[in-house]
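Next comes structure.csv, with CSV, C-alpha atoms.
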```
chain,number,residue,atom,x,y,z
C,1,MET,CA,0.0,0.0,0.0
C,2,THR,CA,1.5,3.4,-1.0
C,3,ALA,CA,1.4,6.4,1.3
C,4,ARG,CA,-1.4,7.8,-0.8
C,5,GLN,CA,-3.4,4.6,-0.7
C,6,THR,CA,-3.1,4.5,3.0
C,7,LEU,CA,-4.5,8.0,3.1
C,8,TYR,CA,-7.4,7.1,1.0
C,9,ALA,CA,-8.1,4.0,3.0
C,10,ARG,CA,-7.9,5.9,6.3
C,11,LEU,CA,-10.3,8.6,4.9
C,12,ALA,CA,-12.7,5.9,3.7
C,13,PHE,CA,-12.5,4.2,7.1
C,14,VAL,CA,-13.3,7.4,9.0
C,15,LEU,CA,-16.2,8.1,6.5
C,16,VAL,CA,-17.7,4.6,7.0
C,17,PHE,CA,-17.1,4.9,10.7
C,18,PHE,CA,-19.3,8.0,10.9
C,19,SER,CA,-21.8,6.4,8.6
C,20,VAL,CA,-22.2,3.3,10.8
C,21,VAL,CA,-22.4,5.3,14.0
C,22,GLY,CA,-24.7,7.9,12.5
C,23,SER,CA,-27.0,5.2,11.0
C,24,LEU,CA,-27.2,3.4,14.3
C,25,TYR,CA,-27.8,6.7,16.1
C,26,PHE,CA,-30.8,7.4,13.8
C,27,SER,CA,-32.3,4.0,14.2
C,28,GLU,CA,-31.5,3.2,17.9
C,29,VAL,CA,-31.4,6.6,19.6
C,30,ALA,CA,-33.6,8.9,17.5
C,31,GLY,CA,-36.0,5.9,16.9
C,32,PHE,CA,-36.4,6.3,13.1
C,33,PRO,CA,-37.0,2.9,11.7
C,34,PRO,CA,-34.8,2.1,8.7
C,35,CYS,CA,-36.8,1.4,5.5
C,36,LYS,CA,-36.0,-1.4,3.0
C,37,LEU,CA,-33.8,0.8,0.8
C,38,CYS,CA,-31.9,2.0,3.9
C,39,TRP,CA,-31.4,-1.6,4.9
C,40,VAL,CA,-29.9,-2.5,1.5
C,41,GLN,CA,-27.4,0.4,1.9
C,42,ARG,CA,-26.6,-0.6,5.5
C,43,LEU,CA,-25.9,-4.1,4.2
C,44,ALA,CA,-23.0,-2.6,2.3
C,45,VAL,CA,-21.8,0.0,4.8
C,46,PHE,CA,-21.7,-2.1,8.0
C,47,PRO,CA,-19.3,-4.8,6.7
C,48,SER,CA,-17.2,-2.1,4.9
C,49,LEU,CA,-16.1,-0.8,8.3
C,50,LEU,CA,-14.5,-4.1,9.2
C,51,ILE,CA,-13.2,-4.8,5.8
C,52,LEU,CA,-11.5,-1.4,5.7
C,53,GLY,CA,-10.2,-1.9,9.2
C,54,VAL,CA,-8.7,-5.2,8.5
C,55,GLY,CA,-7.4,-4.0,5.1
C,56,LEU,CA,-5.7,-1.1,6.7
C,57,ILE,CA,-4.0,-3.2,9.3
C,58,ARG,CA,-2.9,-5.8,6.7
C,59,LYS,CA,-1.9,-3.0,4.3
C,60,ASP,CA,-3.8,-4.8,1.7
C,61,SER,CA,-3.3,-3.1,-1.7
C,62,LEU,CA,-6.3,-5.0,-3.1
C,63,LEU,CA,-8.6,-3.4,-0.5
C,64,HIS,CA,-10.7,-1.8,-3.3
C,65,THR,CA,-11.6,-5.2,-4.7
C,66,TYR,CA,-13.5,-6.0,-1.6
C,67,VAL,CA,-15.0,-2.7,-0.9
C,68,LEU,CA,-16.1,-1.6,-4.4
C,69,PRO,CA,-18.5,-4.5,-5.0
C,70,LEU,CA,-20.3,-3.5,-1.8
C,71,ALA,CA,-20.1,0.3,-2.3
C,72,ILE,CA,-21.1,0.6,-6.0
C,73,PRO,CA,-24.4,-1.3,-5.8
C,74,ALA,CA,-25.3,0.5,-2.6
C,75,LEU,CA,-24.5,3.8,-4.3
C,76,LEU,CA,-26.9,3.0,-7.1
C,77,VAL,CA,-29.6,2.0,-4.6
C,78,SER,CA,-28.9,5.3,-2.7
C,79,ALA,CA,-29.2,7.3,-5.9
C,80,TYR,CA,-32.5,5.7,-6.6
C,81,HIS,CA,-33.6,6.3,-3.0
C,82,ASN,CA,-32.8,10.0,-3.3
C,83,LEU,CA,-34.7,10.3,-6.5
C,84,LEU,CA,-37.7,8.9,-4.8
C,85,TYR,CA,-37.1,10.9,-1.7
C,86,TYR,CA,-36.8,14.3,-3.4
C,87,GLY,CA,-39.8,13.5,-5.6
C,88,VAL,CA,-37.9,13.2,-8.9
C,89,LEU,CA,-39.3,9.7,-9.4
C,90,ALA,CA,-42.8,9.4,-8.2
C,91,GLU,CA,-43.4,6.7,-5.7
C,92,SER,CA,-46.8,5.0,-6.2
C,93,LYS,CA,-49.2,7.2,-4.3
C,94,ALA,CA,-51.9,4.6,-4.5
C,95,THR,CA,-51.9,3.8,-0.8
C,96,CYS,CA,-49.9,4.4,2.4
C,97,GLU,CA,-48.8,1.0,3.7
C,98,ALA,CA,-48.8,0.4,7.4
C,99,GLY,CA,-45.1,-0.3,8.0
C,100,ILE,CA,-42.0,1.7,7.0
C,101,SER,CA,-42.0,4.1,4.1
C,102,CYS,CA,-38.9,5.0,2.1
C,103,THR,CA,-39.9,8.6,1.7
C,104,THR,CA,-40.8,9.7,5.3
C,105,LYS,CA,-38.7,12.7,6.1
C,106,TYR,CA,-37.3,12.3,9.6
C,107,ILE,CA,-34.7,15.1,9.5
C,108,GLU,CA,-34.2,18.0,7.2
C,109,TRP,CA,-31.2,20.0,8.3
C,110,PHE,CA,-30.8,23.4,6.6
C,111,GLY,CA,-34.0,22.5,4.7
C,112,PHE,CA,-32.4,19.9,2.4
C,113,VAL,CA,-30.0,17.6,4.3
C,114,THR,CA,-31.9,14.3,4.9
C,115,ILE,CA,-30.8,10.8,5.9
C,116,PRO,CA,-30.8,9.4,2.3
C,117,LEU,CA,-28.8,12.4,1.2
C,118,LEU,CA,-26.2,11.7,4.0
C,119,ALA,CA,-26.1,8.1,2.8
C,120,LEU,CA,-25.6,9.2,-0.8
C,121,VAL,CA,-22.7,11.5,0.2
C,122,ALA,CA,-21.1,8.7,2.3
C,123,LEU,CA,-21.4,6.0,-0.4
C,124,GLY,CA,-20.3,8.5,-3.1
C,125,GLY,CA,-17.3,9.4,-1.0
C,126,LEU,CA,-16.5,5.8,-0.3
C,127,THR,CA,-16.7,4.8,-3.9
C,128,THR,CA,-14.6,7.8,-5.0
C,129,LEU,CA,-11.9,7.0,-2.4
C,130,MET,CA,-11.8,3.4,-3.4
C,131,ILE,CA,-11.5,4.3,-7.1
C,132,LEU,CA,-8.7,6.7,-6.2
C,133,PHE,CA,-7.1,3.9,-4.2
C,134,ARG,CA,-7.4,1.6,-7.2
C,135,GLN,CA,-5.9,4.1,-9.6
C,136,GLU,CA,-3.0,4.8,-7.2
C,137,GLY,CA,-2.3,1.1,-7.1
C,138,ARG,CA,-2.0,1.0,-10.9
C,139,LYS,CA,0.6,3.6,-11.1
P,1,MET,CA,1.7,-2.2,16.7
P,2,SER,CA,1.5,-0.2,13.4
P,3,SER,CA,-0.1,3.2,13.4
P,4,ASP,CA,-3.0,1.8,11.4
P,5,MET,CA,-3.5,-1.0,13.8
P,6,LYS,CA,-3.8,1.5,16.6
P,7,PHE,CA,-6.0,3.8,14.5
P,8,VAL,CA,-8.3,1.1,13.5
P,9,SER,CA,-8.4,-0.5,16.9
P,10,VAL,CA,-9.2,2.7,18.6
P,11,MET,CA,-12.0,3.5,16.1
P,12,ILE,CA,-13.5,0.1,16.3
P,13,VAL,CA,-13.5,0.3,20.1
P,14,VAL,CA,-15.1,3.7,20.0
P,15,ALA,CA,-17.7,2.4,17.5
P,16,ILE,CA,-18.5,-0.6,19.6
P,17,ALA,CA,-18.7,1.6,22.7
P,18,ALA,CA,-21.0,4.1,20.9
P,19,ILE,CA,-23.2,1.3,19.5
P,20,ALA,CA,-23.4,-0.4,22.9
P,21,GLY,CA,-24.3,3.0,24.4
P,22,PHE,CA,-27.1,3.5,21.9
P,23,PHE,CA,-28.6,0.1,22.6
P,24,VAL,CA,-28.4,0.5,26.4
P,25,PHE,CA,-29.5,4.1,26.7
P,26,GLY,CA,-31.1,4.7,23.3
P,27,ARG,CA,-34.5,3.3,23.7
P,28,ASN,CA,-35.3,5.2,26.8
P,29,GLY,CA,-36.9,8.5,26.0
P,30,ALA,CA,-37.0,7.9,22.3
P,31,GLU,CA,-40.7,8.2,22.5
P,32,THR,CA,-42.4,10.4,25.0
P,33,ASN,CA,-45.9,9.5,24.0
P,34,GLY,CA,-46.5,6.0,22.8
P,35,PRO,CA,-48.3,5.4,19.6
P,36,ILE,CA,-52.0,4.5,19.8
P,37,GLU,CA,-52.4,0.7,19.8
P,38,PRO,CA,-55.6,-1.1,18.6
P,39,ALA,CA,-58.0,-1.6,21.5
P,40,VAL,CA,-58.9,-5.1,22.6
P,41,LEU,CA,-62.6,-5.5,21.8
P,42,THR,CA,-65.0,-8.4,21.7
P,43,ASP,CA,-66.9,-6.9,18.9
P,44,ALA,CA,-64.1,-5.7,16.7
P,45,GLY,CA,-64.7,-5.7,13.0
P,46,GLN,CA,-67.6,-3.2,12.8
P,47,LEU,CA,-67.7,-1.1,9.7
P,48,VAL,CA,-69.6,1.8,11.2
P,49,ARG,CA,-69.8,2.8,14.8
P,50,GLU,CA,-72.6,4.9,16.3
P,51,ASP,CA,-70.3,8.0,16.7
P,52,SER,CA,-68.5,7.6,13.4
P,53,PRO,CA,-68.6,10.8,11.4
P,54,VAL,CA,-71.0,10.7,8.4
P,55,ARG,CA,-71.1,13.0,5.4
P,56,GLY,CA,-74.2,12.6,3.3
P,57,PRO,CA,-77.8,11.4,3.9
P,58,ALA,CA,-78.4,8.8,6.7
P,59,ASP,CA,-80.7,6.8,4.4
P,60,ALA,CA,-78.2,6.7,1.5
P,61,LYS,CA,-78.3,3.6,-0.7
P,62,VAL,CA,-74.5,3.3,-0.8
P,63,THR,CA,-72.2,3.8,2.2
P,64,ILE,CA,-68.5,4.4,1.6
P,65,VAL,CA,-66.5,3.6,4.7
P,66,GLU,CA,-63.1,5.2,4.5
P,67,PHE,CA,-60.2,4.1,6.7
P,68,ALA,CA,-57.7,6.9,6.5
P,69,ASP,CA,-54.7,8.7,8.0
P,70,PHE,CA,-54.7,12.5,7.7
P,71,GLN,CA,-50.9,12.5,7.1
P,72,CYS,CA,-51.1,10.0,4.2
P,73,PRO,CA,-50.6,11.6,0.8
P,74,ALA,CA,-52.7,8.9,-0.8
P,75,CYS,CA,-55.6,9.8,1.4
P,76,LYS,CA,-55.1,13.5,0.4
P,77,ALA,CA,-55.2,12.4,-3.2
P,78,ALA,CA,-58.4,10.4,-2.6
P,79,LYS,CA,-60.3,13.4,-1.1
P,80,PRO,CA,-61.2,15.1,-4.5
P,81,VAL,CA,-62.3,11.7,-5.9
P,82,ILE,CA,-64.5,11.0,-2.8
P,83,LEU,CA,-66.0,14.5,-2.8
P,84,SER,CA,-66.8,14.3,-6.5
P,85,VAL,CA,-68.6,11.0,-5.9
P,86,LEU,CA,-70.6,12.6,-3.1
P,87,GLU,CA,-71.4,15.6,-5.2
P,88,LYS,CA,-72.6,13.5,-8.1
P,89,ASN,CA,-74.8,11.4,-5.9
P,90,PRO,CA,-76.0,13.8,-3.2
P,91,THR,CA,-79.0,11.7,-2.1
P,92,THR,CA,-77.7,8.2,-2.6
P,93,VAL,CA,-74.1,8.1,-1.3
P,94,ARG,CA,-72.7,8.8,2.1
P,95,LEU,CA,-69.2,8.7,3.5
P,96,VAL,CA,-68.3,7.4,6.9
P,97,PHE,CA,-64.8,8.2,8.2
P,98,ARG,CA,-62.8,5.8,10.3
P,99,HIS,CA,-59.4,6.4,11.8
P,100,PHE,CA,-56.4,4.3,10.7
P,101,PRO,CA,-53.4,6.5,11.7
P,102,ILE,CA,-50.1,4.9,10.6
P,103,SER,CA,-48.0,6.3,13.3
P,104,SER,CA,-45.0,4.2,12.3
P,105,ILE,CA,-44.5,6.3,9.2
P,106,HIS,CA,-46.4,9.4,9.9
P,107,GLN,CA,-45.3,11.2,13.0
P,108,HIS,CA,-48.4,13.4,13.4
P,109,ALA,CA,-50.9,10.7,12.4
P,110,ASP,CA,-52.1,10.0,15.9
P,111,GLN,CA,-52.3,13.6,17.0
P,112,THR,CA,-54.3,14.7,14.0
P,113,ALA,CA,-56.7,11.8,14.4
P,114,LEU,CA,-57.2,12.8,18.1
P,115,SER,CA,-57.6,16.4,17.0
P,116,ALA,CA,-60.2,15.4,14.5
P,117,GLU,CA,-62.2,13.7,17.2
P,118,ALA,CA,-61.9,16.9,19.3
P,119,ALA,CA,-63.2,18.9,16.3
P,120,LYS,CA,-66.0,16.3,15.9
P,121,ASN,CA,-67.1,17.0,19.5
P,122,GLN,CA,-67.7,20.6,18.4
P,123,GLY,CA,-69.6,19.6,15.3
P,124,LYS,CA,-66.7,20.4,12.9
P,125,PHE,CA,-65.3,17.0,12.0
P,126,TRP,CA,-65.7,17.5,8.2
P,127,GLU,CA,-64.2,21.0,8.3
P,128,TRP,CA,-61.3,19.5,10.1
P,129,TYR,CA,-61.1,16.7,7.5
P,130,ASP,CA,-61.0,19.2,4.7
P,131,LYS,CA,-58.5,21.4,6.4
P,132,MET,CA,-56.2,18.5,7.2
P,133,TYR,CA,-55.9,17.4,3.6
P,134,ASP,CA,-55.9,20.8,2.1
P,135,ASP,CA,-53.0,21.9,4.3
P,136,GLN,CA,-51.3,18.5,4.7
P,137,GLU,CA,-47.9,19.6,3.5
P,138,ALA,CA,-47.8,22.6,5.8
P,139,TRP,CA,-48.6,20.7,9.0
P,140,SER,CA,-46.8,17.5,8.1
P,141,ALA,CA,-43.6,19.6,7.9
P,142,GLN,CA,-44.0,20.7,11.6
P,143,SER,CA,-41.7,19.3,14.2
P,144,LYS,CA,-43.1,17.2,17.1
P,145,ARG,CA,-42.6,20.2,19.3
P,146,LYS,CA,-44.5,22.7,17.1
P,147,ILE,CA,-47.4,20.5,15.9
P,148,THR,CA,-49.7,21.1,18.9
P,149,GLU,CA,-49.4,24.8,18.5
P,150,PHE,CA,-50.0,24.5,14.8
P,151,LEU,CA,-53.1,22.3,15.2
P,152,THR,CA,-54.5,24.6,17.9
P,153,GLN,CA,-54.1,27.5,15.4
P,154,ILE,CA,-56.1,25.5,12.8
P,155,ALA,CA,-58.7,24.9,15.5
P,156,THR,CA,-58.9,28.7,16.1
P,157,ASP,CA,-59.2,29.3,12.4
P,158,LEU,CA,-62.1,26.9,12.2
P,159,GLY,CA,-63.8,28.8,15.0
P,160,LEU,CA,-63.5,26.0,17.6
P,161,ASN,CA,-63.3,26.6,21.3
P,162,THR,CA,-59.6,25.9,21.7
P,163,GLU,CA,-59.7,25.2,25.4
P,164,THR,CA,-62.2,22.4,24.9
P,165,PHE,CA,-60.4,21.3,21.8
P,166,THR,CA,-57.1,20.9,23.6
P,167,THR,CA,-58.7,19.1,26.5
P,168,ASP,CA,-60.7,16.7,24.2
P,169,ALA,CA,-57.7,15.9,22.0
P,170,ALA,CA,-55.7,14.8,25.1
P,171,ALA,CA,-58.6,12.9,26.7
P,172,ALA,CA,-58.4,9.2,27.3
P,173,ALA,CA,-61.9,8.8,25.8
P,174,THR,CA,-60.7,10.3,22.6
P,175,ARG,CA,-57.8,8.0,22.4
P,176,ASP,CA,-60.2,5.1,23.0
P,177,ILE,CA,-62.2,6.0,19.9
P,178,VAL,CA,-59.1,6.0,17.7
P,179,ALA,CA,-57.9,2.7,19.3
P,180,ARG,CA,-61.3,1.2,18.7
P,181,ASP,CA,-61.2,2.3,15.0
P,182,LEU,CA,-57.7,0.7,14.8
P,183,ALA,CA,-59.1,-2.5,16.3
P,184,ASP,CA,-62.0,-2.6,13.8
P,185,ALA,CA,-59.5,-1.9,10.9
P,186,ASP,CA,-57.3,-4.8,12.0
P,187,ALA,CA,-60.3,-7.1,12.3
P,188,LEU,CA,-61.4,-6.0,8.8
P,189,GLY,CA,-58.0,-6.7,7.4
P,190,VAL,CA,-57.1,-3.1,6.7
P,191,SER,CA,-53.3,-2.6,6.3
P,192,SER,CA,-53.0,0.5,4.1
P,193,THR,CA,-54.7,3.8,3.7
P,194,PRO,CA,-57.0,4.7,2.2
P,195,THR,CA,-59.0,1.5,2.4
P,196,PHE,CA,-62.7,1.8,1.4
P,197,PHE,CA,-65.6,-0.4,2.0
P,198,VAL,CA,-68.4,0.3,-0.5
P,199,ASN,CA,-71.5,-1.3,1.0
P,200,GLY,CA,-69.1,-3.7,2.7
P,201,GLN,CA,-67.0,-4.5,-0.4
P,202,LYS,CA,-63.3,-3.8,0.4
P,203,ILE,CA,-61.3,-1.6,-2.0
P,204,GLU,CA,-57.7,-0.6,-1.4
P,205,GLY,CA,-56.6,2.7,-2.9
P,206,THR,CA,-58.8,5.1,-4.8
P,207,SER,CA,-58.6,4.0,-8.4
P,208,ALA,CA,-61.5,1.5,-8.2
P,209,LEU,CA,-63.7,3.6,-5.9
P,210,GLU,CA,-65.8,5.3,-8.5
P,211,ALA,CA,-66.5,2.1,-10.4
P,212,ALA,CA,-67.5,0.3,-7.1
P,213,VAL,CA,-69.9,3.1,-6.2
P,214,THR,CA,-71.4,3.0,-9.6
P,215,ALA,CA,-71.8,-0.8,-9.4
P,216,ALA,CA,-73.3,-0.5,-5.9
P,217,LEU,CA,-75.8,2.1,-7.2
P,218,GLY,CA,-76.9,-0.4,-9.7
P,219,ARG,CA,-76.1,1.7,-12.8
```
As structure tokens, what does this structure read like?
Amino acid sequence: MTARQTLYARLAFVLVFFSVVGSLYFSEVAGFPPCKLCWVQRLAVFPSLLILGVGLIRKDSLLHTYVLPLAIPALLVSAYHNLLYYGVLAESKATCEAGISCTTKYIEWFGFVTIPLLALVALGGLTTLMILFRQEGRK
Amino acid sequence: MSSDMKFVSVMIVVAIAAIAGFFVFGRNGAETNGPIEPAVLTDAGQLVREDSPVRGPADAKVTIVEFADFQCPACKAAKPVILSVLEKNPTTVRLVFRHFPISSIHQHADQTALSAEAAKNQGKFWEWYDKMYDDQEAWSAQSKRKITEFLTQIATDLGLNTETFTTDAAAAATRDIVARDLADADALGVSSTPTFFVNGQKIEGTSALEAAVTAALGR
């Protein structure tokens, strides 16, 4: 792992760290139940924390090959989630199901920062850092 | 120990400590006012209760029972359809409202249902119903802290006695009515809003409502 790769991996680790802690804060402390799309994204983010941690310790220069397959699909799901959330794509308005909706707005910091947006930024950041990590390894 | 080993270990320990903290202390105080749960009733499953709000003639040939949640966008979208059906059939169709607040996804669902009952006590249920759907976006955006004030202002605008309104909305008897509606809804197999019963025939969503009413009218 080059010095630059280490930097990217550390940044990714910190990013994912705050994503995991933040996600658990929203669900366990604030009491906002995660919707299905949130769960798909959590499925990628939670293991990434350990993978990045172990990868950093082992100085694994192939770290991106484990993280990107988790991060990229989750990023696509997150993009879709945000399009639904901000009303670009219309969710079927036929009924409101008893259960957990993917478009309920629990937080809206500064009028536009919501949980799915935070997830998109985190997954976008993670994917970017891992792509940079990969490019650095190819040099 | 390498610097990364230390870094990762410290972060993981902090993460585990934070997560453990969330689980241990998190649940307490997350909800100050528990959601309204369905009542336990021996006669659950009634479509219409004596005190259920009715819009339209008592002897109407067709009764639409609507299970709805004031904070549900689909219920808001259903309102003009329902009103047009009532307008087209002023002597033959009536609407009965039943509460089905989905508090798991709509944070003000319970409170607006209770407020609607408080408005009903002052004879203004349908004014409340109209106002809730017309202004849904505005009041839905209010925080838990602000919503009571916001709803009280609506009550004032509708000419309600706000003192009675506030007392009634907080009364256990009012909560019992909503809990009873939830119990009826559960027994009738309602799981989404709006769910309609047109002369007892269950219809989920609004798209088939008009056709069902037409069929029930025998046209």
Contact check, chain P to chain C, at most 7 Å, counting all atoms listed in the file, closest pairs as a Markdown table:
```
| residue | atom | partner | partner_atom | distance |
| --- | --- | --- | --- | --- |
| P:Asp4 | CA | C:Ile57 | CA | 5.5 |
| P:Met5 | CA | C:Ile57 | CA | 5.0 |
| P:Val8 | CA | C:Gly53 | CA | 5.6 |
| P:Ala15 | CA | C:Val21 | CA | 6.5 |
| P:Ile19 | CA | C:Val21 | CA | 6.8 |
| P:Phe22 | CA | C:Val29 | CA | 5.8 |
| P:Phe23 | CA | C:Glu28 | CA | 6.3 |
| P:Gly26 | CA | C:Val29 | CA | 4.2 |
| P:Arg27 | CA | C:Val29 | CA | 6.1 |
| P:Ala30 | CA | C:Gly31 | CA | 5.8 |
| P:Cys72 | CA | C:Cys96 | CA | 6.0 |
| P:Pro73 | CA | C:Lys93 | CA | 6.9 |
| P:Ala74 | CA | C:Thr95 | CA | 5.2 |
| P:Ile102 | CA | C:Ala98 | CA | 5.7 |
| P:Ser104 | CA | C:Gly99 | CA | 6.2 |
| P:Ile105 | CA | C:Ile100 | CA | 5.7 |
| P:Ser191 | CA | C:Ala98 | CA | 5.5 |
| P:Ser192 | CA | C:Glu97 | CA | 4.2 |
| P:Thr193 | CA | C:Cys96 | CA | 5.0 |
| P:Pro194 | CA | C:Thr95 | CA | 6.0 |
| P:Gly205 | CA | C:Thr95 | CA | 5.3 |
| P:Thr206 | CA | C:Ala94 | CA | 6.9 |
```
Worksheet item: With all atoms listed in the file as the atoms that count, which of P:Ser3, P:Gln201, P:Thr195, P:Gln111 lies nearest to Phe67 of chain P?
Response: P:Thr195
Worksheet item: Between P:Val85, P:Ala58, P:Leu151, P:Ile203, which is the closest to Val190 of chain P once you count only C-alpha atoms?
Response: P:Ile203
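Closest approach to Ala215 of chain P among P:Ile36, P:Ile147, P:Ala183, P:Val62: P:Val62, based on only C-alpha atoms.
The spacing separating atom CA of His81 of chain C from atom CA of Ala138 of chain P amounts to 23.3 Å.
We find atom CA of His99 of chain P and atom CA of Asn161 of chain P to be spaced 22.7 Å apart.
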Worksheet entry | Interatomic distance (Å, one decimal) between atom CA of Ala179 of chain P and atom CA of Val48 of chain P | 14.3 Å
Worksheet item: Near Pro101 of chain P, counting all atoms listed in the file, which residues have an atom at most 8 Å away, once you skip same-chain residues fewer than 2 positions from it, shown as a VMD selection string?
Response: chain P and resid 68 to 71 99 103 106 109 to 110 113 182
Discussion item. So that I can check the surroundings of segment 112-125 of chain C, please list as a ChimeraX atom specification every protein, DNA and RNA residue that reaches within 10 Å of it, counting all atoms listed in the file and ignoring chain neighbours fewer than 2 positions away.
Written reply: /C:11-12,15-16,18-19,22-23,26,34,37-38,41-42,44-45,70-86,102-103,105-110,127-131
